[in-house]
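Asks: Input: one structure, supplied below.
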Amino acid sequence: MYRGLVEELAQKNDSRILLAVIDGLGDISIEELGGKTPLEAAVTPEMDRLAAGGALGVHIPVARGITPGSGPAHLGLFGYDPVLYQVGRGVLAALGVGFELKYGDLAARINFCTLDDKGIVTDRRAGRITTEKCVELVGMLADIRVEGVETFVVPVKQHRACVVFRGDDQSDDIQDTDPGLVGHRPVPVEGSDKSRRVVREFLRKAEEILKGLHPANFILLRGFALHKEFPSIEERFGLTAAAVALYPMYRGVAGLAGMNVVKCDPENLSGQAKAVKKALDDGHDFIFLHHKPADSAGEDGNIQAKIRAIEEFDRALPSFLDSRFAVVCITGDHSTPCPMKLHSWHSVPVLIHGGPRRWGYSSAFSEKQAICGAMGTFRAIDIMPLLLASAGKLAKFGA
Ligand code: ZN
């Protein structure tokens, strides 16, 4: 296992840390808001109160100018250099639904799709079939046997599922069969190595099973990825971590870092609050809490929805602030500016409350105040050492 300075110095104690991630939190100046960002326009008394007594800064998710996906952006927040630890979408999808991957497994995402009678893709999502329908179709594909591997098919949500091939000598050097656009045929899997042969045979058998059904009469495969060995957050930093996230991708990436991915019932902020308390009761000393709607609103370009998503989190915040947390950090994984309707490279505000800290001039949690904050600008992978240090979990370096 890789052991850097932080791993060498990490030490256990009774302090507990909350890392709350508002997905896509960062934004840019928006004309309709008089140059404010959604975070600046939102009414957020709870986060402002923490900002006034805490330390602010901004993080650079990967590197200057680099726009990250949510997977690598979260790995950065968890202290894993996202350039060194590259993880494919197939692995994230499988982990996200709680599938227990073994090292060497080859995983890919499935989209049920609609083909016309000439084999042309007319709908890449098969009309977004219901999750119940997806479960039924997955049940049919689960019977497929392919020589040389064990095959697992698991439902995700609506038209999405994933497939895992378990066996020796697999490779993830396989391109997506999803053409990415309607009006094209699925991309054929060419080549003669084992994994390509396995995938071709799986697709041929899936075609036979789904042929004649409607609207889901075929599958597209994307994001082939091998599950490679990954040091856990426990091994690296001595943390017993729990992930309180509702969406599969985030549950997956947290699982990859060795966090216990806990159930939330109901699947909303109040269910997440209950899950946080339970995770603390169960002895976890690091909780990752994820709030998705701000990112979705940013991708839709919906400024008011992004403001509402941030305010909704702020109202729920007291229910997460258990007195057992010594250190609370609130940040985003990346920016999703509404005017861009995309992720971006812009820095992301970070708020750390608790532990010995240097106050700045902050009175509110906002991009402008965070940029001028006491912690300055740093890379996302520095957040974990800062949280460990704030919680007294990093020993002194040298005599
Ligand atoms: Zn994200």
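Every chain in the structure tokens takes a letter, A first, then B, and so on in the order presented; its residues are numbered from 1, and the ligands are numbered from 1 following the presented order.
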Can you check which parts of chain A lie within 7 Å of ligand 1? Per residue, the shortest pair of atoms and distance in Å to one decimal, counting only C-alpha atoms and all ligand atoms, sorted by chain and number, as CSV.

Replies:
```
residue,atom,partner,partner_atom_place_in_ligand_line,distance
A:Asp23,CA,ligand 1,1 (Zn),4.6
A:Gly24,CA,ligand 1,1 (Zn),5.0
A:Gly69,CA,ligand 1,1 (Zn),6.4
A:Ser70,CA,ligand 1,1 (Zn),3.7
A:Ala73,CA,ligand 1,1 (Zn),6.9
A:Asp295,CA,ligand 1,1 (Zn),6.2
A:Asp333,CA,ligand 1,1 (Zn),5.4
A:His334,CA,ligand 1,1 (Zn),6.0
```

Asks: What lies within 8 Å of A:Pro248 using only C-alpha atoms, ignoring chain neighbours under 5 positions off, as a list in words?

Replies: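 Counting only C-alpha atoms, the residues come to Leu92, Ala93, Leu95, Gly96, Val97 and Val156 of chain A.
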
Asks: Please save C-alpha atoms of the selected residues as a short mmCIF file (atom, residue, chain, number, x, y, z; two decimals), in the first residue's frame.

Replies:
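What ended up in result_39.cif:
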```
data_model
loop_
_atom_site.label_atom_id
_atom_site.label_comp_id
_atom_site.auth_asym_id
_atom_site.auth_seq_id
_atom_site.Cartn_x
_atom_site.Cartn_y
_atom_site.Cartn_z
CA LEU A 92 -18.56 2.73 -9.77
CA ALA A 93 -21.96 1.57 -11.03
CA LEU A 95 -20.27 -0.74 -6.26
CA GLY A 96 -23.03 1.85 -6.22
CA VAL A 97 -25.75 -0.78 -6.11
CA VAL A 156 -29.64 -0.05 -11.12
#
```

Asks: Could you give me, as a PyMOL selection string, the residues within 12 Å of stretch 133-147 of chain A, counting only C-alpha atoms and dropping anything in the same chain fewer than 5 positions from it?

Replies: chain A and resi 110-113+125-128+152-168+194-211+213-219

Asks: Residues at most 12 Å from stretch 267-282 of chain A, counting only C-alpha atoms, excluding those fewer than 2 positions away in the same chain, as a VMD selection string?

Replies: chain A and resid 14 to 20 240 to 247 259 to 265 284 to 293 309 312 to 325

Asks: Looking at A:Gly283, A:Gly301, A:Gly53, A:Gly71, which one is nearest to A:Gln86, with distances taken over only C-alpha atoms?

Replies: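 Smallest separation from A:Gln86 among the options: A:Gly71.
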
Asks: Name the residues of stretch 174-262 of chain A that fall into helix (DSSP H, G or I) according to DSSP on the backbone, using the chain letters and numbers of this document, as number ranges by chain.

Replies: A: 194-210, 233-237, 248-256

Asks: DSSP on the backbone, strand (DSSP E) only: what residues of stretch 36-259 of chain A does that give? Format it as number ranges by chain.

Replies: A: 55-60, 106-115, 121-123, 150-157, 160-166, 218-226, 241-244

Asks: Please build the interface table for stretch 287-380 of chain A against stretch 25-28 of chain A with a cut-off of 6 Å, listing for each qualifying residue the nearest atom pair and the distance in Å to one decimal; count only C-alpha atoms, order rows by chain and increasing number, and write it as a Markdown table.

Replies:
```
| residue | atom | partner | partner_atom | distance |
| --- | --- | --- | --- | --- |
| A:Gly332 | CA | A:Leu25 | CA | 4.8 |
| A:Ser335 | CA | A:Gly26 | CA | 3.8 |
| A:Thr336 | CA | A:Asp27 | CA | 5.9 |
| A:Pro337 | CA | A:Asp27 | CA | 4.2 |
| A:Val348 | CA | A:Gly26 | CA | 5.0 |
```

Asks: Those same residues, written as a compact mmCIF listing (two decimals), in the first residue's frame with all heavy atoms?

Replies:
```
# COMPACT_ATOMS: atom_id res chain seq x y z
N GLY A 332 -18.21 21.43 -1.82
CA GLY A 332 -18.77 20.75 -2.98
C GLY A 332 -17.68 19.89 -3.59
O GLY A 332 -16.52 19.98 -3.20
N SER A 335 -17.59 22.66 -9.23
CA SER A 335 -18.59 23.67 -9.56
C SER A 335 -19.45 23.13 -10.71
O SER A 335 -18.95 22.42 -11.58
CB SER A 335 -17.93 24.98 -9.99
OG SER A 335 -17.16 25.51 -8.92
N THR A 336 -20.73 23.45 -10.66
CA THR A 336 -21.63 23.19 -11.81
C THR A 336 -22.36 24.51 -12.08
O THR A 336 -23.50 24.69 -11.65
CB THR A 336 -22.65 22.07 -11.51
OG1 THR A 336 -21.96 20.91 -11.01
CG2 THR A 336 -23.41 21.66 -12.78
N PRO A 337 -21.70 25.45 -12.77
CA PRO A 337 -22.31 26.77 -12.95
C PRO A 337 -23.59 26.69 -13.81
O PRO A 337 -23.57 26.09 -14.88
CB PRO A 337 -21.23 27.57 -13.67
CG PRO A 337 -19.95 26.84 -13.36
CD PRO A 337 -20.35 25.39 -13.30
N VAL A 348 -13.91 25.68 -5.54
CA VAL A 348 -15.13 25.33 -4.80
C VAL A 348 -14.99 25.80 -3.36
O VAL A 348 -13.95 25.53 -2.72
CB VAL A 348 -15.33 23.79 -4.82
CG1 VAL A 348 -16.64 23.41 -4.13
CG2 VAL A 348 -15.31 23.26 -6.25
```

Asks: To one decimal place, how far is atom CA of A:Gly298 from atom CA of A:Pro38 in Å?

Replies: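 Spanning atom CA of A:Gly298 to atom CA of A:Pro38 is a straight-line distance of 9.5 Å.
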
Asks: A:Asp300: which residues within 10 Å, counting only C-alpha atoms, same-chain residues fewer than 2 positions away excluded, as a PDB file with N, CA and C atoms, in the first residue's frame?

Replies:
```pdb
ATOM      1  N   ALA A 294     -28.239  20.151  -5.945  1.00  0.00           N
ATOM      2  CA  ALA A 294     -27.630  21.398  -6.428  1.00  0.00           C
ATOM      3  C   ALA A 294     -26.943  21.160  -7.775  1.00  0.00           C
ATOM      4  N   ASP A 295     -26.330  20.005  -7.924  1.00  0.00           N
ATOM      5  CA  ASP A 295     -25.639  19.668  -9.174  1.00  0.00           C
ATOM      6  C   ASP A 295     -26.648  19.458 -10.303  1.00  0.00           C
ATOM      7  N   SER A 296     -27.722  18.736 -10.021  1.00  0.00           N
ATOM      8  CA  SER A 296     -28.743  18.494 -11.044  1.00  0.00           C
ATOM      9  C   SER A 296     -29.321  19.826 -11.528  1.00  0.00           C
ATOM     10  N   ALA A 297     -29.581  20.759 -10.582  1.00  0.00           N
ATOM     11  CA  ALA A 297     -30.141  22.061 -10.954  1.00  0.00           C
ATOM     12  C   ALA A 297     -29.143  22.841 -11.813  1.00  0.00           C
ATOM     13  N   GLY A 298     -27.856  22.764 -11.449  1.00  0.00           N
ATOM     14  CA  GLY A 298     -26.823  23.439 -12.233  1.00  0.00           C
ATOM     15  C   GLY A 298     -26.768  22.891 -13.654  1.00  0.00           C
ATOM     16  N   ASN A 302     -30.921  25.695 -14.066  1.00  0.00           N
ATOM     17  CA  ASN A 302     -32.051  26.232 -13.307  1.00  0.00           C
ATOM     18  C   ASN A 302     -31.548  26.927 -12.030  1.00  0.00           C
ATOM     19  N   ILE A 303     -31.387  28.246 -12.135  1.00  0.00           N
ATOM     20  CA  ILE A 303     -30.784  29.021 -11.037  1.00  0.00           C
ATOM     21  C   ILE A 303     -31.619  28.923  -9.768  1.00  0.00           C
ATOM     22  N   ALA A 305     -33.764  26.647  -8.886  1.00  0.00           N
ATOM     23  CA  ALA A 305     -33.731  25.299  -8.305  1.00  0.00           C
ATOM     24  C   ALA A 305     -32.426  25.069  -7.553  1.00  0.00           C
ATOM     25  N   LYS A 306     -31.319  25.637  -8.068  1.00  0.00           N
ATOM     26  CA  LYS A 306     -30.040  25.463  -7.372  1.00  0.00           C
ATOM     27  C   LYS A 306     -30.070  26.208  -6.041  1.00  0.00           C
ATOM     28  N   THR A 336     -20.732  23.446 -10.664  1.00  0.00           N
ATOM     29  CA  THR A 336     -21.628  23.195 -11.808  1.00  0.00           C
ATOM     30  C   THR A 336     -22.363  24.505 -12.078  1.00  0.00           C
ATOM     31  N   PRO A 337     -21.701  25.448 -12.765  1.00  0.00           N
ATOM     32  CA  PRO A 337     -22.314  26.767 -12.950  1.00  0.00           C
ATOM     33  C   PRO A 337     -23.588  26.688 -13.807  1.00  0.00           C
ATOM     34  N   CYS A 338     -24.658  27.310 -13.305  1.00  0.00           N
ATOM     35  CA  CYS A 338     -25.939  27.294 -14.043  1.00  0.00           C
ATOM     36  C   CYS A 338     -25.794  27.841 -15.469  1.00  0.00           C
ATOM     37  N   PRO A 339     -25.032  28.938 -15.677  1.00  0.00           N
ATOM     38  CA  PRO A 339     -24.964  29.451 -17.046  1.00  0.00           C
ATOM     39  C   PRO A 339     -24.258  28.473 -17.991  1.00  0.00           C
ATOM     40  N   MET A 340     -23.442  27.573 -17.472  1.00  0.00           N
ATOM     41  CA  MET A 340     -22.718  26.629 -18.326  1.00  0.00           C
ATOM     42  C   MET A 340     -23.484  25.314 -18.504  1.00  0.00           C
ATOM     43  N   LYS A 341     -24.374  25.006 -17.556  1.00  0.00           N
ATOM     44  CA  LYS A 341     -25.116  23.729 -17.564  1.00  0.00           C
ATOM     45  C   LYS A 341     -24.170  22.527 -17.604  1.00  0.00           C
ATOM     46  N   LEU A 342     -22.992  22.682 -17.054  1.00  0.00           N
ATOM     47  CA  LEU A 342     -21.965  21.638 -17.074  1.00  0.00           C
ATOM     48  C   LEU A 342     -21.114  21.752 -15.812  1.00  0.00           C
TER      49      LEU A 342
END
```

Asks: Give me the residues within 12 Å of A:Leu5 as a PyMOL selection string, counting only C-alpha atoms and dropping any in the same chain fewer than 3 places off.

Replies: chain A and resi 2+8-10+236-237+385+394-398

Asks: Which residue gives the smallest distance to A:Arg49 among A:Ala370, A:Arg358, A:Thr377, A:Ser363, with only C-alpha atoms counted?

Replies: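 Among A:Ala370, A:Arg358, A:Thr377, A:Ser363, it is A:Ser363 that comes nearest to A:Arg49.
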
Asks: Could you work out how far atom CA of A:Val21 lies from atom CA of A:Gly35, giving the answer in Å with one decimal?

Replies: 24.1 Å

Asks: Find the residues near A:Ala257: any atom within 9 Å, counting only C-alpha atoms, skip ones fewer than 2 places away on the same chain, and give them as a ChimeraX atom specification.

Replies: /A:75,78,80,230-234,252-255,259

Asks: Go ahead and save the residues from that selection, with C-alpha atoms, as a PDB file, in the first residue's frame.

Replies:
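Saved result, selection.pdb, follows:
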```
ATOM      1  CA  LEU A  75     -11.884  10.741  -4.684  1.00  0.00           C
ATOM      2  CA  PHE A  78     -11.473  11.603   0.227  1.00  0.00           C
ATOM      3  CA  TYR A  80      -7.055  10.081  -3.172  1.00  0.00           C
ATOM      4  CA  PHE A 230      -7.564   0.223  -3.777  1.00  0.00           C
ATOM      5  CA  PRO A 231      -6.243   1.128  -0.306  1.00  0.00           C
ATOM      6  CA  SER A 232      -9.073   1.906   2.100  1.00  0.00           C
ATOM      7  CA  ILE A 233      -9.536   5.085   4.078  1.00  0.00           C
ATOM      8  CA  GLU A 234      -9.134   2.941   7.196  1.00  0.00           C
ATOM      9  CA  GLY A 252     -19.994   3.438  -5.238  1.00  0.00           C
ATOM     10  CA  VAL A 253     -17.047   5.783  -4.958  1.00  0.00           C
ATOM     11  CA  ALA A 254     -17.374   5.817  -1.165  1.00  0.00           C
ATOM     12  CA  GLY A 255     -17.451   2.020  -1.148  1.00  0.00           C
ATOM     13  CA  MET A 259     -16.427   3.365   3.595  1.00  0.00           C
TER      14      MET A 259
END
```

Asks: Just to confirm, what's the straight-line distance from atom CA of A:His59 to atom CA of A:His343 in Å (one decimal)?

Replies: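 Atom-to-atom, atom CA of A:His59 and atom CA of A:His343 are spaced 14.7 Å apart.
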
Asks: Set out as a Markdown table a contact list for stretch 199-259 of chain A and stretch 173-185 of chain A with a cut-off of 6 Å, giving each residue of stretch 199-259 of chain A that qualifies its closest atom pair and distance in Å to one decimal, counting only C-alpha atoms, ordered by chain and rising residue number.

Replies:
```
| residue | atom | partner | partner_atom | distance |
| --- | --- | --- | --- | --- |
| A:Leu220 | CA | A:Asp178 | CA | 5.0 |
| A:Leu221 | CA | A:Thr177 | CA | 5.2 |
| A:Arg222 | CA | A:Asp176 | CA | 4.4 |
```
